[in-house]
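Data block below; observations after.
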Amino acid sequence: MKINVMTDILEANDRIATANAETFKKNGNLALNLISSPGAGKTSLLEKTGDALKGKLRLGVIAGDIETMRDSERLQKHKIPAVQLTTGSACHLDANMVASALPHVDLKKTDILVIENVGNLVCPAEFKVGEDFKVVMLSVTEGDEKPLKYPLVFRESSLLLINKIDLLKYTNFNLKEAKANARRVHPELNIIDISCVTGEGIDEWVAWLNSQYQKKFGAKPRA
Amino acid sequence: MAIARNIVDIAVAVAEKEGAIRITRVNVVAGELRAIVPEQLIFGFGLMAESTIASGAYLALEITPVICKCRKCGNEFTIQDYRYICTNCGSQDFDTLSGIELRVKDIEVE
């Protein structure tokens with residue numbers, strides 16, 4: 001006997017993601033889902049961002065990692081409130097994992113909540129966690145063809161950060177080609193070149209955060 | 001693996017509701033954009049299905065192409081090689097009609 005089902009495989013996840021999104025809205029949080037390969041510089045970016053946002057917007061982080069608490073320890077040194085989610089064997093964060101971390105985040109005292117996903121360009125793109133935007137990060141020590149290899153994450157993201165731009169001259173990474181590849185899968189993608197070492201592009205990234213926050217809440221950042 | 005587990009959960013829930021004792025086949029539709037690797041998903045499904053009524057069931061995957069409709073000229077076209085540009089007018093402004101879906105279409109039970 002055949003039974004018609006027509007159920008979305010990610011429906012259960014998406015339902016929880018919607019509930020998370022409502023929580024973020026109610027608490028005045030702009031939520032970002034930050035995705036990259038391992039070692040692209042997600043945690044370094046957050047250290048820089050926390051410093052650059054001081055006195056403007058309050059940053060909070062939920063960091064996903066398969067093991068260890070290293071990332072949240074690094075962030076706490078920069079006085080960025082961070083909750084570590086160790087995922088065990090899972091290669092991505094899902095909406096339920098993020099929901100379980102929310103009671104440990106002081107959402108009322110957070111303006112920008114970055115959900116730092118597990119280093120991986122495949123599965124994190126599939127699972128919504130309640131974010132306003134996905135931000136994908138690529139570093140110049142990776143291949144410039146990555147957007148074509150992992151199109152979904154580049155298609156789903158609103159912003160691409162190209163990190164380690166200070167190392168460009170030491171690599172055979174073709175910046176123009178990388179951007180063309182990214183725009184081939186997502187023509188309207190915003191792209192910012194950054195360096196977490198020299199600080200290049202960090203102002204532009206912070207300005208982007210500011211404008212998205214204001215677009216969502218229509219108000220000046222809370223003091 | 002999480003996707004494989006969800007497929008088993010959905011199939012088992014539906015089958016049990018219908019009073020079935022065994023699932024023999026699960027038909028899944030996956031858009032090309034999902035970049036599903038069939039061998040991996042089938043392997044994961046087999047593992048997750050063990051000791052459930054879906055144990056031994058055949059997982060059939062139908063991969064659907066990415067089809068877009070241009071907002072400027074109305075042209076419907078299939079995205080090939082991830083080239084997001086209208087094949088008629090060159091516009092980059094269009095709606096995705098299919099290719100992003102990921103769902104259990106139907107199941108066969110005894």
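Scheme for the structure tokens: letters A, B, ... for chains in order shown; per-chain residue numbers from 1; ligand numbers from 1 in order shown.
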
request  = Taking only C-alpha atoms into account, report as a VMD selection string which residues of chain B lie within 7 Å of chain A.
outcome  = chain B and resid 3 6 to 7 33 to 34 82 to 84 92 102 to 110

Checklist entry - Would you give me, as number ranges by chain, the residues in segment 1-107 of chain B that DSSP reads as strand (DSSP E)? => result B: 23-31, 58-64, 67-70, 76-78, 94-98, 102-107

Write out as a list of chain:residue names the residues lying within 8 Å of segment 36-53 of chain A, counting only C-alpha atoms and excluding same-chain residues fewer than 4 positions away.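 Answer for this query is A:Leu57, A:Arg58, A:Leu59, A:Asp71, A:Arg74, A:Leu75, A:His78, A:Lys79, A:Ile80, A:Glu116, A:Asn117, A:Val118, A:Gly119, A:Asn120, A:Leu121, A:Val136, A:Met137, A:Leu138, A:Ser139, A:Asn163, A:Cys196, A:Gly199, A:Ile202, A:Asp203, A:Val206.
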
What does the file look like for those residues with N, CA, C and O atoms, as an mmCIF file, in the first residue's frame?
```cif
data_model
loop_
_atom_site.group_PDB
_atom_site.id
_atom_site.type_symbol
_atom_site.label_atom_id
_atom_site.label_comp_id
_atom_site.auth_asym_id
_atom_site.auth_seq_id
_atom_site.Cartn_x
_atom_site.Cartn_y
_atom_site.Cartn_z
ATOM 1 N N LEU A 57 27.030 48.631 19.900
ATOM 2 C CA LEU A 57 26.070 47.540 20.001
ATOM 3 C C LEU A 57 26.680 46.432 20.857
ATOM 4 O O LEU A 57 27.889 46.226 20.837
ATOM 5 N N ARG A 58 25.804 45.729 21.573
ATOM 6 C CA ARG A 58 26.313 44.666 22.448
ATOM 7 C C ARG A 58 26.282 43.324 21.724
ATOM 8 O O ARG A 58 25.231 42.889 21.254
ATOM 9 N N LEU A 59 27.449 42.699 21.667
ATOM 10 C CA LEU A 59 27.596 41.435 20.944
ATOM 11 C C LEU A 59 27.467 40.256 21.905
ATOM 12 O O LEU A 59 27.992 40.294 23.013
ATOM 13 N N ASP A 71 36.780 28.117 21.866
ATOM 14 C CA ASP A 71 36.258 29.326 21.225
ATOM 15 C C ASP A 71 35.654 30.290 22.233
ATOM 16 O O ASP A 71 35.948 31.475 22.226
ATOM 17 N N ARG A 74 38.267 31.992 24.302
ATOM 18 C CA ARG A 74 38.933 33.088 23.571
ATOM 19 C C ARG A 74 38.064 34.340 23.598
ATOM 20 O O ARG A 74 38.552 35.453 23.790
ATOM 21 N N LEU A 75 36.759 34.173 23.398
ATOM 22 C CA LEU A 75 35.859 35.325 23.324
ATOM 23 C C LEU A 75 35.710 36.004 24.679
ATOM 24 O O LEU A 75 35.627 37.227 24.770
ATOM 25 N N HIS A 78 37.944 38.720 25.517
ATOM 26 C CA HIS A 78 37.585 40.021 24.925
ATOM 27 C C HIS A 78 36.288 40.564 25.520
ATOM 28 O O HIS A 78 35.669 41.446 24.949
ATOM 29 N N LYS A 79 35.870 39.984 26.644
ATOM 30 C CA LYS A 79 34.650 40.387 27.342
ATOM 31 C C LYS A 79 33.397 40.254 26.465
ATOM 32 O O LYS A 79 32.464 41.048 26.566
ATOM 33 N N ILE A 80 33.424 39.274 25.581
ATOM 34 C CA ILE A 80 32.238 39.009 24.760
ATOM 35 C C ILE A 80 31.501 37.838 25.414
ATOM 36 O O ILE A 80 32.076 36.754 25.555
ATOM 37 N N GLU A 116 27.791 31.123 15.930
ATOM 38 C CA GLU A 116 28.982 30.673 15.205
ATOM 39 C C GLU A 116 28.833 29.181 14.969
ATOM 40 O O GLU A 116 28.905 28.382 15.898
ATOM 41 N N ASN A 117 28.589 28.827 13.727
ATOM 42 C CA ASN A 117 28.292 27.434 13.417
ATOM 43 C C ASN A 117 29.567 26.581 13.445
ATOM 44 O O ASN A 117 30.678 27.101 13.522
ATOM 45 N N VAL A 118 29.396 25.276 13.387
ATOM 46 C CA VAL A 118 30.537 24.363 13.321
ATOM 47 C C VAL A 118 31.234 24.582 11.975
ATOM 48 O O VAL A 118 30.568 24.833 10.971
ATOM 49 N N GLY A 119 32.551 24.518 11.957
ATOM 50 C CA GLY A 119 33.304 24.728 10.715
ATOM 51 C C GLY A 119 32.964 23.684 9.668
ATOM 52 O O GLY A 119 33.361 22.525 9.778
ATOM 53 N N ASN A 120 32.209 24.098 8.662
ATOM 54 C CA ASN A 120 31.683 23.166 7.667
ATOM 55 C C ASN A 120 30.841 24.000 6.708
ATOM 56 O O ASN A 120 30.096 24.874 7.139
ATOM 57 N N LEU A 121 30.960 23.756 5.411
ATOM 58 C CA LEU A 121 30.167 24.559 4.464
ATOM 59 C C LEU A 121 28.943 23.809 3.942
ATOM 60 O O LEU A 121 28.188 24.342 3.153
ATOM 61 N N VAL A 136 28.440 34.031 5.300
ATOM 62 C CA VAL A 136 29.429 32.994 4.980
ATOM 63 C C VAL A 136 30.807 33.641 4.900
ATOM 64 O O VAL A 136 30.953 34.765 4.430
ATOM 65 N N MET A 137 31.795 32.937 5.421
ATOM 66 C CA MET A 137 33.148 33.469 5.408
ATOM 67 C C MET A 137 34.059 32.509 4.651
ATOM 68 O O MET A 137 33.967 31.295 4.793
ATOM 69 N N LEU A 138 34.910 33.115 3.826
ATOM 70 C CA LEU A 138 35.852 32.348 3.033
ATOM 71 C C LEU A 138 37.207 33.003 3.276
ATOM 72 O O LEU A 138 37.264 34.223 3.419
ATOM 73 N N SER A 139 38.279 32.229 3.349
ATOM 74 C CA SER A 139 39.576 32.887 3.540
ATOM 75 C C SER A 139 40.448 32.622 2.319
ATOM 76 O O SER A 139 40.253 31.632 1.608
ATOM 77 N N ASN A 163 38.150 36.662 4.148
ATOM 78 C CA ASN A 163 39.086 36.946 5.238
ATOM 79 C C ASN A 163 40.540 36.641 4.841
ATOM 80 O O ASN A 163 40.791 35.991 3.849
ATOM 81 N N CYS A 196 41.443 40.061 9.805
ATOM 82 C CA CYS A 196 41.319 40.143 11.263
ATOM 83 C C CYS A 196 42.672 40.476 11.885
ATOM 84 O O CYS A 196 42.774 40.691 13.087
ATOM 85 N N GLY A 199 42.945 44.523 10.398
ATOM 86 C CA GLY A 199 41.716 45.274 10.687
ATOM 87 C C GLY A 199 41.049 45.831 9.434
ATOM 88 O O GLY A 199 39.992 46.456 9.516
ATOM 89 N N ILE A 202 37.024 45.789 8.624
ATOM 90 C CA ILE A 202 36.229 45.583 9.838
ATOM 91 C C ILE A 202 35.212 46.725 10.010
ATOM 92 O O ILE A 202 34.066 46.484 10.405
ATOM 93 N N ASP A 203 35.622 47.939 9.659
ATOM 94 C CA ASP A 203 34.687 49.082 9.749
ATOM 95 C C ASP A 203 33.470 48.857 8.867
ATOM 96 O O ASP A 203 32.342 49.140 9.258
ATOM 97 N N VAL A 206 31.241 46.253 10.398
ATOM 98 C CA VAL A 206 30.510 46.800 11.544
ATOM 99 C C VAL A 206 29.388 47.736 11.056
ATOM 100 O O VAL A 206 28.279 47.736 11.602
#
```

Neighbouring residues of Ala49 of chain B were defined as those with any atom within 10 Å, considering only C-alpha atoms; residues of the same chain fewer than 2 positions away were excluded. Please report them as a list of chain:residue names.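 What passes the distance filter is B:Ala4, B:Arg5, B:Ile7, B:Val8, B:Asp9, B:Ala11, B:Val12, B:Ile23, B:Gly44, B:Phe45, B:Gly46, B:Leu47, B:Ser51, B:Thr52, B:Ile53, B:Ala54, B:Ser55, B:Gly56, B:Ala57.
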